[in-house]
Each structure stands twice: as structure tokens, then as C-alpha cells.
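Chemist: mmCIF, C-alpha atoms (C1' of nucleotides), saved as final32.cif, coming up:
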data_protein
#
loop_
_atom_site.label_atom_id
_atom_site.label_comp_id
_atom_site.auth_asym_id
_atom_site.auth_seq_id
_atom_site.Cartn_x
_atom_site.Cartn_y
_atom_site.Cartn_z
CA MET Q 1131 6.25 22.22 -8.64
CA SER Q 1132 2.59 22.93 -8.33
CA SER Q 1133 1.19 23.98 -5.03
CA SER Q 1134 -2.43 24.36 -5.95
CA ALA Q 1135 -4.39 23.59 -2.86
CA SER Q 1136 -7.97 23.64 -4.06
CA SER Q 1137 -7.87 21.73 -7.31
CA PRO Q 1138 -5.09 19.22 -7.77
CA THR Q 1139 -5.26 16.68 -10.55
CA GLY Q 1140 -6.51 13.25 -9.61
CA ASP Q 1141 -3.15 11.61 -10.07
CA ASP Q 1142 -1.36 14.28 -8.09
CA LEU Q 1143 -3.87 13.93 -5.32
CA VAL Q 1144 -3.46 10.18 -5.14
CA ARG Q 1145 0.29 10.63 -5.08
CA ALA Q 1146 0.17 13.17 -2.27
CA LEU Q 1147 -2.29 11.13 -0.23
CA ALA Q 1148 -0.30 7.95 -0.70
CA ALA Q 1149 2.82 9.81 0.37
CA LEU Q 1150 1.19 11.02 3.58
CA ALA Q 1151 -0.68 7.83 4.42
CA ASN Q 1152 2.16 6.38 6.46
CA PRO Q 1153 3.19 6.83 10.09
CA HIS Q 1154 6.87 7.20 9.30
CA ARG Q 1155 6.32 9.73 6.58
CA LEU Q 1156 3.95 11.64 8.83
CA ARG Q 1157 6.69 11.85 11.43
CA ILE Q 1158 9.18 12.88 8.80
CA VAL Q 1159 6.99 15.73 7.64
CA ALA Q 1160 6.40 16.66 11.26
CA ALA Q 1161 10.11 16.77 12.00
CA LEU Q 1162 10.86 18.79 8.89
CA ALA Q 1163 8.02 21.16 9.69
CA ARG Q 1164 9.94 22.24 12.78
CA GLU Q 1165 13.25 22.59 11.02
CA ARG Q 1166 15.11 21.34 8.02
CA ALA Q 1167 17.47 18.46 8.54
CA TYR Q 1168 19.98 16.31 6.74
CA VAL Q 1169 19.45 12.64 6.10
CA SER Q 1170 21.73 11.03 8.66
CA GLY Q 1171 20.77 13.40 11.43
CA LEU Q 1172 17.09 12.97 10.71
CA ALA Q 1173 17.45 9.22 10.71
CA ARG Q 1174 19.02 9.34 14.16
CA GLN Q 1175 16.37 11.72 15.40
CA LEU Q 1176 13.57 9.48 14.21
CA GLY Q 1177 15.26 6.27 15.21
CA ILE Q 1178 15.12 4.63 11.82
CA SER Q 1179 17.79 3.51 9.38
CA ARG Q 1180 19.17 5.80 6.73
CA ALA Q 1181 18.16 3.46 3.95
CA LEU Q 1182 14.58 3.39 5.15
CA LEU Q 1183 14.46 7.13 5.64
CA GLN Q 1184 15.75 7.69 2.16
CA VAL Q 1185 13.01 5.58 0.64
CA HIS Q 1186 10.38 7.58 2.48
CA LEU Q 1187 11.98 10.90 1.68
CA ARG Q 1188 12.03 9.97 -1.97
CA LYS Q 1189 8.33 9.25 -1.91
CA LEU Q 1190 7.59 12.53 -0.19
CA ALA Q 1191 9.78 14.37 -2.67
CA ALA Q 1192 8.07 12.65 -5.59
CA ALA Q 1193 4.79 14.02 -4.30
CA GLY Q 1194 6.32 17.47 -4.05
CA LEU Q 1195 5.83 17.68 -0.30
CA VAL Q 1196 9.51 18.02 0.55
CA THR Q 1197 12.57 19.22 -1.33
CA ALA Q 1198 16.24 18.42 -1.04
CA SER Q 1199 19.23 20.71 -1.33
CA LEU Q 1200 22.77 19.48 -1.25
CA GLU Q 1201 25.01 21.71 0.81
CA LEU Q 1202 28.50 21.71 2.25
CA SER Q 1203 28.98 21.96 5.98
CA GLU Q 1204 31.75 24.13 7.38
CA ASP Q 1205 34.01 21.17 7.80
CA GLY Q 1206 33.56 20.21 4.16
CA LYS Q 1207 31.08 17.36 4.60
CA ALA Q 1208 28.41 17.02 1.96
CA MET Q 1209 25.01 17.28 3.65
CA ASN Q 1210 21.70 16.75 1.93
CA TYR Q 1211 19.21 19.01 3.63
CA TYR Q 1212 15.50 18.35 3.33
CA GLU Q 1213 12.71 20.77 4.07
CA VAL Q 1214 8.93 20.71 3.79
CA GLN Q 1215 7.04 22.58 1.16
CA PRO Q 1216 4.37 24.85 2.68
CA PHE Q 1217 1.46 22.97 1.16
CA VAL Q 1218 -2.18 23.41 2.06
CA LEU Q 1219 -4.33 20.49 1.05
CA THR Q 1220 -8.06 20.72 1.63
CA LEU Q 1221 -10.14 17.62 1.16
CA THR Q 1222 -13.91 17.51 0.84
CA PRO Q 1223 -16.21 15.20 -1.09
CA GLU Q 1224 -16.74 17.94 -3.67
CA ILE Q 1225 -13.05 18.59 -4.20
CA ILE Q 1226 -12.47 14.87 -4.52
CA ALA Q 1227 -15.31 14.62 -7.01
CA ALA Q 1228 -13.63 17.28 -9.13
CA ALA Q 1229 -10.23 15.63 -8.89
CA ALA Q 1230 -11.60 12.20 -9.69
CA GLU Q 1231 -12.56 13.35 -13.16
CA THR Q 1232 -8.95 14.03 -14.04
CA LEU Q 1233 -7.82 10.57 -13.02
CA THR Q 1234 -5.69 8.72 -15.48
CA VAL Q 1235 -7.27 5.47 -16.51
CA PRO Q 1236 -5.08 2.37 -16.08
CA ASP Q 1237 -5.24 1.95 -19.82
CA SER Q 1238 -2.41 0.57 -21.89
CA ALA Q 1239 -1.70 3.74 -23.82
CA ASP Q 1240 -1.00 6.65 -21.54
CA GLN Q 1241 -0.05 10.00 -23.02
CA PRO Q 1242 0.47 12.98 -20.70
CA GLY Q 1243 -0.68 15.90 -22.76
CA ALA Q 1244 -2.58 14.01 -25.41
CA ASN Q 1245 -5.99 14.32 -23.88
CA ARG Q 1246 -9.00 16.55 -23.88
CA MET P 1378 -16.41 10.27 16.49
CA SER P 1379 -13.63 12.08 14.83
CA SER P 1380 -14.30 14.16 11.73
CA SER P 1381 -12.48 17.03 13.36
CA ALA P 1382 -10.89 18.86 10.50
CA SER P 1383 -8.16 20.73 12.31
CA SER P 1384 -6.81 18.12 14.70
CA PRO P 1385 -7.43 14.48 13.93
CA THR P 1386 -5.45 11.86 15.76
CA GLY P 1387 -2.44 10.48 13.96
CA ASP P 1388 -3.92 7.05 13.50
CA ASP P 1389 -7.22 8.42 12.25
CA LEU P 1390 -5.40 10.62 9.81
CA VAL P 1391 -3.36 7.75 8.43
CA ARG P 1392 -6.51 5.71 8.08
CA ALA P 1393 -8.36 8.46 6.23
CA LEU P 1394 -5.43 9.21 3.96
CA ALA P 1395 -4.89 5.55 3.18
CA ALA P 1396 -8.57 5.22 2.39
CA LEU P 1397 -8.45 8.08 -0.07
CA ALA P 1398 -5.11 7.26 -1.64
CA ASN P 1399 -6.59 5.06 -4.34
CA PRO P 1400 -8.07 5.87 -7.75
CA HIS P 1401 -11.04 3.56 -7.31
CA ARG P 1402 -11.92 4.86 -3.90
CA LEU P 1403 -11.55 8.41 -5.15
CA ARG P 1404 -14.08 7.66 -7.86
CA ILE P 1405 -16.36 6.00 -5.35
CA VAL P 1406 -16.33 9.06 -3.12
CA ALA P 1407 -16.88 11.21 -6.17
CA ALA P 1408 -19.87 9.18 -7.26
CA LEU P 1409 -21.39 9.18 -3.79
CA ALA P 1410 -20.79 12.91 -3.48
CA ARG P 1411 -23.29 13.42 -6.30
CA GLU P 1412 -25.85 11.03 -4.92
CA ARG P 1413 -26.17 8.04 -2.69
CA ALA P 1414 -26.22 4.66 -4.34
CA TYR P 1415 -26.57 0.99 -3.59
CA VAL P 1416 -23.77 -1.47 -4.05
CA SER P 1417 -24.79 -3.28 -7.22
CA GLY P 1418 -25.88 -0.13 -9.01
CA LEU P 1419 -22.71 1.68 -8.04
CA ALA P 1420 -20.60 -1.23 -9.25
CA ARG P 1421 -22.29 -1.06 -12.63
CA GLN P 1422 -21.91 2.69 -12.76
CA LEU P 1423 -18.20 2.50 -12.02
CA GLY P 1424 -17.56 -0.53 -14.14
CA ILE P 1425 -16.04 -2.66 -11.44
CA SER P 1426 -17.10 -5.90 -9.79
CA ARG P 1427 -19.33 -5.96 -6.74
CA ALA P 1428 -16.80 -7.84 -4.68
CA LEU P 1429 -14.12 -5.29 -5.44
CA LEU P 1430 -16.41 -2.39 -4.74
CA GLN P 1431 -17.41 -3.88 -1.43
CA VAL P 1432 -13.82 -4.14 -0.30
CA HIS P 1433 -13.23 -0.51 -1.15
CA LEU P 1434 -16.47 0.61 0.44
CA ARG P 1435 -15.52 -1.20 3.61
CA LYS P 1436 -12.23 0.62 3.74
CA LEU P 1437 -13.92 3.96 3.22
CA ALA P 1438 -16.47 3.13 5.87
CA ALA P 1439 -13.74 2.07 8.29
CA ALA P 1440 -12.22 5.51 7.87
CA GLY P 1441 -15.59 7.10 8.55
CA LEU P 1442 -15.78 8.71 5.12
CA VAL P 1443 -18.92 6.90 4.00
CA THR P 1444 -21.82 5.24 5.78
CA ALA P 1445 -24.18 2.44 4.84
CA SER P 1446 -27.88 2.10 5.47
CA LEU P 1447 -29.82 -0.99 4.61
CA GLU P 1448 -33.19 -0.23 3.08
CA LEU P 1449 -35.98 -2.03 1.32
CA SER P 1450 -36.95 -1.05 -2.19
CA GLU P 1451 -40.62 -0.92 -3.16
CA ASP P 1452 -40.43 -4.33 -4.73
CA GLY P 1453 -39.08 -5.80 -1.53
CA LYS P 1454 -35.41 -6.06 -2.51
CA ALA P 1455 -32.88 -5.35 0.20
CA MET P 1456 -30.68 -2.49 -0.94
CA ASN P 1457 -27.64 -1.27 0.90
CA TYR P 1458 -27.34 2.43 0.27
CA TYR P 1459 -24.05 4.21 0.79
CA GLU P 1460 -23.51 7.94 1.15
CA VAL P 1461 -20.55 10.17 1.84
CA GLN P 1462 -19.97 11.89 5.12
CA PRO P 1463 -19.51 15.66 4.70
CA PHE P 1464 -15.93 15.67 5.90
CA VAL P 1465 -13.52 18.58 5.62
CA LEU P 1466 -9.90 17.56 5.93
CA THR P 1467 -7.27 20.25 5.86
CA LEU P 1468 -3.65 19.24 5.59
CA THR P 1469 -0.67 21.44 6.28
CA PRO P 1470 2.79 20.64 7.64
CA GLU P 1471 1.77 22.12 10.98
CA ILE P 1472 -1.41 20.09 11.27
CA ILE P 1473 0.53 16.99 10.35
CA ALA P 1474 3.14 17.83 12.94
CA ALA P 1475 0.43 17.98 15.58
CA ALA P 1476 -1.17 14.75 14.43
CA ALA P 1477 2.15 12.92 14.29
CA GLU P 1478 2.55 13.27 18.03
CA THR P 1479 -0.55 11.21 18.65
CA LEU P 1480 0.64 8.36 16.47
CA THR P 1481 0.49 4.92 17.97
CA VAL P 1482 3.93 3.44 18.13
CA PRO P 1483 4.47 -0.11 16.82
CA ASP P 1484 5.12 -0.87 20.44
CA SER P 1485 6.40 -4.09 21.84
CA ALA P 1486 4.19 -6.90 23.13
CA ASP P 1487 2.24 -6.85 19.95
CA GLN P 1488 3.35 -9.16 17.22
CA PRO P 1489 0.76 -11.78 16.29
CA GLY P 1490 2.56 -14.38 14.28
CA ALA P 1491 5.82 -12.55 14.41
CA ASN P 1492 8.58 -15.06 14.65
CA ARG P 1493 12.06 -15.17 13.38
"C1'" DC R 1212 46.39 5.78 8.01
"C1'" DA R 1213 42.57 4.46 10.59
"C1'" DC R 1214 38.39 6.36 12.31
"C1'" DA R 1215 34.24 9.02 12.25
"C1'" DC R 1216 31.06 11.25 9.76
"C1'" DC R 1217 28.57 12.25 5.44
"C1'" DT R 1218 26.37 10.41 0.89
"C1'" DG R 1219 24.16 6.98 -2.17
"C1'" DC R 1220 22.69 2.33 -4.12
"C1'" DT R 1221 21.06 -2.74 -4.67
"C1'" DA R 1222 19.45 -7.51 -3.43
"C1'" DG R 1223 16.20 -10.01 -1.05
"C1'" DC R 1224 12.80 -10.98 2.28
"C1'" DT R 1225 8.27 -10.06 4.30
"C1'" DT R 1226 3.99 -8.05 4.60
"C1'" DC R 1227 0.13 -5.65 2.98
"C1'" DC R 1228 -3.05 -4.24 -0.82
"C1'" DT R 1229 -5.62 -5.13 -4.79
"C1'" DT R 1230 -8.34 -8.10 -7.65
"C1'" DT R 1231 -10.67 -12.23 -9.30
"C1'" DT R 1232 -13.36 -16.21 -8.71
"C1'" DG R 1233 -16.73 -18.76 -6.50
"C1'" DC R 1234 -20.08 -19.83 -3.22
"C1'" DA R 1235 -24.30 -19.02 -0.33
"C1'" DT R 1236 -28.66 -16.42 0.59
"C1'" DG R 1237 -33.01 -13.83 -0.15
"C1'" DT R 1238 -36.93 -11.66 -2.93
"C1'" DG R 1239 -40.29 -10.78 -6.90
"C1'" DC R 1240 -42.12 -12.12 -11.41
"C1'" DG R 1241 -43.68 -14.75 -15.64
"C1'" DC B 1265 -39.79 -23.21 -10.56
"C1'" DG B 1266 -36.30 -20.91 -12.81
"C1'" DC B 1267 -34.57 -16.33 -14.03
"C1'" DA B 1268 -33.18 -11.74 -12.72
"C1'" DC B 1269 -31.87 -8.83 -9.28
"C1'" DA B 1270 -30.26 -7.78 -4.66
"C1'" DT B 1271 -27.02 -9.00 -0.52
"C1'" DG B 1272 -22.87 -10.99 1.73
"C1'" DC B 1273 -18.21 -13.51 2.60
"C1'" DA B 1274 -13.76 -16.18 1.78
"C1'" DA B 1275 -10.01 -18.20 -0.52
"C1'" DA B 1276 -6.26 -17.52 -3.72
"C1'" DA B 1277 -3.09 -15.17 -6.78
"C1'" DG B 1278 -0.34 -11.33 -8.39
"C1'" DG B 1279 1.89 -7.15 -7.44
"C1'" DA B 1280 3.38 -3.24 -4.82
"C1'" DA B 1281 5.16 -1.44 -0.55
"C1'" DG B 1282 8.02 -1.70 3.54
"C1'" DC B 1283 12.30 -2.93 5.74
"C1'" DT B 1284 17.05 -4.89 6.55
"C1'" DA B 1285 21.61 -5.80 5.43
"C1'" DG B 1286 25.45 -4.89 2.86
"C1'" DC B 1287 28.37 -2.51 -0.38
"C1'" DA B 1288 30.80 1.61 -2.32
"C1'" DG B 1289 32.33 6.26 -2.34
"C1'" DG B 1290 33.57 10.99 -0.37
"C1'" DT B 1291 35.92 14.35 3.34
"C1'" DG B 1292 38.18 15.86 7.72
"C1'" DT B 1293 40.65 14.83 12.19
"C1'" DG B 1294 43.67 12.47 15.60
#
As a first step, turn the structure in this file into C-alpha cells.

Modeler:
Amino acid sequence: MSSSASSPTGDDLVRALAALANPHRLRIVAALARERAYVSGLARQLGISRALLQVHLRKLAAAGLVTASLELSEDGKAMNYYEVQPFVLTLTPEIIAAAAETLTVPDSADQPGANR
Amino acid sequence: MSSSASSPTGDDLVRALAALANPHRLRIVAALARERAYVSGLARQLGISRALLQVHLRKLAAAGLVTASLELSEDGKAMNYYEVQPFVLTLTPEIIAAAAETLTVPDSADQPGANR
DNA sequence: CACACCTGCTAGCTTCCTTTTGCATGTGCG
DNA sequence: CGCACATGCAAAAGGAAGCTAGCAGGTGTG
């Protein structure tokens, strides 16, 4: 979930940026921005293998930038349709400064929810 | 050069996103957003080694997010001051779609050391 | 029933990123 | 002159990311 544009948490921000910082994933988002598509078709359209596309889609989905929905085509085939989430991410030094304070430290003990 | 918020080239965008998609570099930008700093002092402030900081600073500088300026302190020491560039990066599926079209393809005739 | 299309997963290789360690240089001060 | 502070770069190691190849399963049509 979450679609806060102005003040994402540091970890979320890193995840979203890492997800977008890749030519293939940029093209994937671009393709899905025009229209939703299913995995195999999208792979053909982009000229990459299904396995590779799936890895990238998973990363984009983990960042909440795209979502999947399993559907049945008219001829009974199971199709997994992906579509972009209408995110709006604005990046400035100030916004980054705010997000950086919520960054999880690479410490040994890491408790989501057990902090200030 | 660059710093256009609405329509960066695909390669520039990937470079900027990759530069920001890292907890350390996020903290570096955050620190520099408050005030400019020189390498050694910033390393102490962030609690990381100078060598590591320099690598990260170089990546940020390569993306055009920070700039360096060599100066002399009053006691004659050479200090390399870094400061953030006031960038404003807005990311939406549409903007990404536009940027994706300007992406450099991993075209042929370009594989240094690629042998199989 | 074989073929074409859809889905997913894993093993293994390669390449890049991150980080540490160490060296080399220059300046001011007691 | 040696210590403290500043700068830089390069080699090496560990880990994460990217990609391919291959396997397994499902449904509908000729």
C-alpha cells in the first residue's frame, strides 16, 4: 500500500529508487503506463525472457510500483495482468533529508514497530 | 547540463536513481542539504571511513547531485568542500514512460572483455 | 494426443556494488 | 622532526544483483 508522495520512509524510498534504477524496469513501467499487460505478452513486447521479466516485475511489485491480478482469458487461459500504480514521487534534497532520518540502521536487532 | 525535472534522459535518470538508491548516499545528501562539508569532517559526522565516503561522493557527483570545490582553510589545509545541487526530481509513470524512450540500448559492437 | 499458449520456480554463472585495508602526499605546530 | 590533520587512489574480498537455461504444471484446439 502506501502512496504518500511527499514523505516516504527512508527504507521505502530506497526500495522504490532501487526498483526504478534499472533500464529494464524503466521500460517495464513505461510499457505498463500505456496499458496493462500479462507476463508472456509483455516479455515478447520488450524482447526479454519471461524469467528475467518476472524477476524485475517482482522487484517493482515489492516496491509497490506495480500490482498483479490473476485473471482468466475468454479461452480459459490463466493470465497474470500487471499494471502500474499511479505514484507521484518528488525528490529534493530537503525531502531526502527528511526521509534519511527514518532509515533503518543495519544493526543486528531490527524490530519494525519497536522504535521511537 | 541536465537537472531538468520534468524530462530527464533515460540514462541520466537511471544514473540519478542509482545514485540515490543507497542508505549511505541518502544520508550524505541529507547531511549536505543542511550544510556543506569537507570530506574528512563529513566522514566523522556520518561515522564511516573516508575511503568509503569518497566512493559514494563520487557516485553522487557523477549523477550531478553534488559538487565539490577545493578550498584552503585559514591554517593552510586543503579542504574539499561538497554541497548538494538544488535538484527537483519528479517521478510518475508518465514521466518514466517518456524517459524510457531515450534509453541507450545495450547495442552491439560494445563488449569490452566480453567473450564466451 | 500432440501442440501452442499460459503460469511459475530453481540452479548456476557472471557482473556489478559495497567495503576494507593500505599506501602516498601535503601542510601547520610544538 | 614527528604528530595531527587534510587530500587522494588502488587492490582485494565479500555479497548482492542480473541473466540464462531448464524443469514442471495448467488449459484449449486441431

Chemist: Determine the residue membership of the PyMOL selection byres ((chain B) within 7 of (chain Q)) for the file above and supply it as a list in words.

Modeler: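 That expression, the PyMOL selection byres ((chain B) within 7 of (chain Q)), corresponds here to DC1283, DT1291 and DG1292 of chain B.
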
Chemist: Where does chain R meet chain P within 8 Å, residue by residue, with the nearest atom pair and distance in Å to one decimal for each, counting all atoms listed in the file, listed by chain and rising number, as JSON lines?

Modeler:
{"residue": "R:DT1230", "atom": "C1'", "partner": "P:Leu1429", "partner_atom": "CA", "distance": 6.8}
{"residue": "R:DT1238", "atom": "C1'", "partner": "P:Lys1454", "partner_atom": "CA", "distance": 5.8}
{"residue": "R:DG1239", "atom": "C1'", "partner": "P:Asp1452", "partner_atom": "CA", "distance": 6.8}

Chemist: Grab the atom CA of Pro1470 of chain P to atom CA of Ser1384 of chain P distance for me, in Å with one decimal place.

Modeler: 12.2 Å

Chemist: Set the cut-off to 10 Å and count all atoms listed in the file: what are the residues of chain P that reach chain Q? Output as a ChimeraX atom specification.

Modeler: /P:1382,1387-1388,1390-1411,1442,1461-1478,1480-1483

Chemist: Compile the contact shell of DG1294 of chain B as a PyMOL selection string: residues with an atom at most 12 Å away, counting only C-alpha atoms (C1' of nucleotides), same-chain residues fewer than 3 positions apart removed.

Modeler: chain R and resi 1212-1215

Chemist: Atom CA of Tyr1459 of chain P to atom C1' of DC1227 of chain R: how many Å, to one decimal?

Modeler: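 Computing it gives 26.2 Å between the two atoms.
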
Chemist: Using Å and a single decimal, report how far atom CA of Glu1451 of chain P sits from atom CA of Lys1436 of chain P.

Modeler: 29.3 Å

Chemist: Please check which residues have atoms at most 10 Å from (-3.7, -12.8, -7.3) in the file's coordinates, counting all atoms listed in the file, and write them as a list in words.

Modeler: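 Checking each residue against the 10 Å limit leaves DT1229, DT1230 and DT1231 of chain R; DA1276, DA1277, DG1278 and DG1279 of chain B.
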
Chemist: Step by step, work through what the PyMOL selection byres ((chain B and resi 1274) around 9) selects in the shown file, and finish by giving those residues as a VMD selection string.

Modeler: (chain R and resid 1234) or (chain B and resid 1273 1275)

Chemist: List the neighbours of Ala1198 of chain Q out to 7 Å using all atoms listed in the file; skip same-chain residues closer than 6 positions along the sequence, and give me the result as a list of chain:residue names.

Modeler: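 Counting all atoms listed in the file, the residues come to Q:Asn1210, Q:Tyr1211, Q:Tyr1212, Q:Glu1213.
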
Chemist: Here's the selection I'm unsure about, the PyMOL selection byres ((chain R and resi 1224) around 10); applied to the file above, which residues does it give, as a list of chain:residue names?

Modeler: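 Applying the PyMOL selection byres ((chain R and resi 1224) around 10) to the structure shown produces R:DA1222, R:DG1223, R:DT1225, R:DT1226, B:DC1283, B:DT1284.
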
Chemist: Provide segment 1163-1191 of chain Q rebuilt to N, CA and C atoms, formatted as a PDB file, keeping the file's coordinate frame.

Modeler:
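Written output follows (rebuild06.pdb):
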ATOM      1  N   ALA Q1163       8.843  19.963   9.519  1.00  0.00           N
ATOM      2  CA  ALA Q1163       8.020  21.160   9.690  1.00  0.00           C
ATOM      3  C   ALA Q1163       8.625  22.053  10.763  1.00  0.00           C
ATOM      4  N   ARG Q1164       9.304  21.451  11.711  1.00  0.00           N
ATOM      5  CA  ARG Q1164       9.940  22.240  12.780  1.00  0.00           C
ATOM      6  C   ARG Q1164      11.226  22.861  12.274  1.00  0.00           C
ATOM      7  N   GLU Q1165      12.031  22.035  11.624  1.00  0.00           N
ATOM      8  CA  GLU Q1165      13.250  22.590  11.020  1.00  0.00           C
ATOM      9  C   GLU Q1165      13.834  21.606  10.030  1.00  0.00           C
ATOM     10  N   ARG Q1166      14.469  22.171   9.047  1.00  0.00           N
ATOM     11  CA  ARG Q1166      15.110  21.340   8.020  1.00  0.00           C
ATOM     12  C   ARG Q1166      16.186  20.472   8.642  1.00  0.00           C
ATOM     13  N   ALA Q1167      16.484  19.383   7.979  1.00  0.00           N
ATOM     14  CA  ALA Q1167      17.470  18.460   8.540  1.00  0.00           C
ATOM     15  C   ALA Q1167      18.140  17.670   7.432  1.00  0.00           C
ATOM     16  N   TYR Q1168      19.301  17.134   7.728  1.00  0.00           N
ATOM     17  CA  TYR Q1168      19.980  16.310   6.740  1.00  0.00           C
ATOM     18  C   TYR Q1168      19.702  14.841   7.047  1.00  0.00           C
ATOM     19  N   VAL Q1169      19.904  14.026   6.060  1.00  0.00           N
ATOM     20  CA  VAL Q1169      19.450  12.640   6.100  1.00  0.00           C
ATOM     21  C   VAL Q1169      19.914  11.870   7.343  1.00  0.00           C
ATOM     22  N   SER Q1170      21.217  11.825   7.548  1.00  0.00           N
ATOM     23  CA  SER Q1170      21.730  11.030   8.660  1.00  0.00           C
ATOM     24  C   SER Q1170      21.220  11.521  10.008  1.00  0.00           C
ATOM     25  N   GLY Q1171      21.244  12.832  10.172  1.00  0.00           N
ATOM     26  CA  GLY Q1171      20.770  13.400  11.430  1.00  0.00           C
ATOM     27  C   GLY Q1171      19.297  13.102  11.660  1.00  0.00           C
ATOM     28  N   LEU Q1172      18.525  13.218  10.603  1.00  0.00           N
ATOM     29  CA  LEU Q1172      17.090  12.970  10.710  1.00  0.00           C
ATOM     30  C   LEU Q1172      16.819  11.509  11.040  1.00  0.00           C
ATOM     31  N   ALA Q1173      17.606  10.645  10.446  1.00  0.00           N
ATOM     32  CA  ALA Q1173      17.450   9.220  10.710  1.00  0.00           C
ATOM     33  C   ALA Q1173      17.696   8.929  12.191  1.00  0.00           C
ATOM     34  N   ARG Q1174      18.729   9.520  12.738  1.00  0.00           N
ATOM     35  CA  ARG Q1174      19.020   9.340  14.160  1.00  0.00           C
ATOM     36  C   ARG Q1174      17.876   9.882  15.006  1.00  0.00           C
ATOM     37  N   GLN Q1175      17.439  11.066  14.650  1.00  0.00           N
ATOM     38  CA  GLN Q1175      16.370  11.720  15.400  1.00  0.00           C
ATOM     39  C   GLN Q1175      15.091  10.899  15.425  1.00  0.00           C
ATOM     40  N   LEU Q1176      14.807  10.244  14.308  1.00  0.00           N
ATOM     41  CA  LEU Q1176      13.570   9.480  14.210  1.00  0.00           C
ATOM     42  C   LEU Q1176      13.756   8.026  14.653  1.00  0.00           C
ATOM     43  N   GLY Q1177      15.001   7.624  14.765  1.00  0.00           N
ATOM     44  CA  GLY Q1177      15.260   6.270  15.210  1.00  0.00           C
ATOM     45  C   GLY Q1177      15.027   5.208  14.142  1.00  0.00           C
ATOM     46  N   ILE Q1178      15.235   5.601  12.906  1.00  0.00           N
ATOM     47  CA  ILE Q1178      15.120   4.630  11.820  1.00  0.00           C
ATOM     48  C   ILE Q1178      16.413   4.628  11.002  1.00  0.00           C
ATOM     49  N   SER Q1179      16.549   3.625  10.156  1.00  0.00           N
ATOM     50  CA  SER Q1179      17.790   3.510   9.380  1.00  0.00           C
ATOM     51  C   SER Q1179      17.831   4.526   8.256  1.00  0.00           C
ATOM     52  N   ARG Q1180      19.024   4.842   7.825  1.00  0.00           N
ATOM     53  CA  ARG Q1180      19.170   5.800   6.730  1.00  0.00           C
ATOM     54  C   ARG Q1180      18.503   5.290   5.472  1.00  0.00           C
ATOM     55  N   ALA Q1181      18.723   4.036   5.171  1.00  0.00           N
ATOM     56  CA  ALA Q1181      18.160   3.460   3.950  1.00  0.00           C
ATOM     57  C   ALA Q1181      16.644   3.605   3.938  1.00  0.00           C
ATOM     58  N   LEU Q1182      16.038   3.296   5.066  1.00  0.00           N
ATOM     59  CA  LEU Q1182      14.580   3.390   5.150  1.00  0.00           C
ATOM     60  C   LEU Q1182      14.126   4.833   5.014  1.00  0.00           C
ATOM     61  N   LEU Q1183      14.820   5.716   5.721  1.00  0.00           N
ATOM     62  CA  LEU Q1183      14.460   7.130   5.640  1.00  0.00           C
ATOM     63  C   LEU Q1183      14.556   7.651   4.219  1.00  0.00           C
ATOM     64  N   GLN Q1184      15.562   7.207   3.520  1.00  0.00           N
ATOM     65  CA  GLN Q1184      15.750   7.690   2.160  1.00  0.00           C
ATOM     66  C   GLN Q1184      14.616   7.265   1.231  1.00  0.00           C
ATOM     67  N   VAL Q1185      14.138   6.055   1.438  1.00  0.00           N
ATOM     68  CA  VAL Q1185      13.010   5.580   0.640  1.00  0.00           C
ATOM     69  C   VAL Q1185      11.790   6.476   0.883  1.00  0.00           C
ATOM     70  N   HIS Q1186      11.540   6.763   2.145  1.00  0.00           N
ATOM     71  CA  HIS Q1186      10.380   7.580   2.480  1.00  0.00           C
ATOM     72  C   HIS Q1186      10.537   9.011   1.987  1.00  0.00           C
ATOM     73  N   LEU Q1187      11.737   9.536   2.147  1.00  0.00           N
ATOM     74  CA  LEU Q1187      11.980  10.900   1.680  1.00  0.00           C
ATOM     75  C   LEU Q1187      11.775  11.002   0.179  1.00  0.00           C
ATOM     76  N   ARG Q1188      12.171   9.945  -0.518  1.00  0.00           N
ATOM     77  CA  ARG Q1188      12.030   9.970  -1.970  1.00  0.00           C
ATOM     78  C   ARG Q1188      10.554  10.013  -2.357  1.00  0.00           C
ATOM     79  N   LYS Q1189       9.756   9.279  -1.609  1.00  0.00           N
ATOM     80  CA  LYS Q1189       8.330   9.250  -1.910  1.00  0.00           C
ATOM     81  C   LYS Q1189       7.689  10.605  -1.628  1.00  0.00           C
ATOM     82  N   LEU Q1190       8.112  11.214  -0.532  1.00  0.00           N
ATOM     83  CA  LEU Q1190       7.590  12.530  -0.190  1.00  0.00           C
ATOM     84  C   LEU Q1190       8.032  13.568  -1.212  1.00  0.00           C
ATOM     85  N   ALA Q1191       9.269  13.434  -1.678  1.00  0.00           N
ATOM     86  CA  ALA Q1191       9.780  14.370  -2.670  1.00  0.00           C
ATOM     87  C   ALA Q1191       9.067  14.178  -4.000  1.00  0.00           C
TER      88      ALA Q1191
END
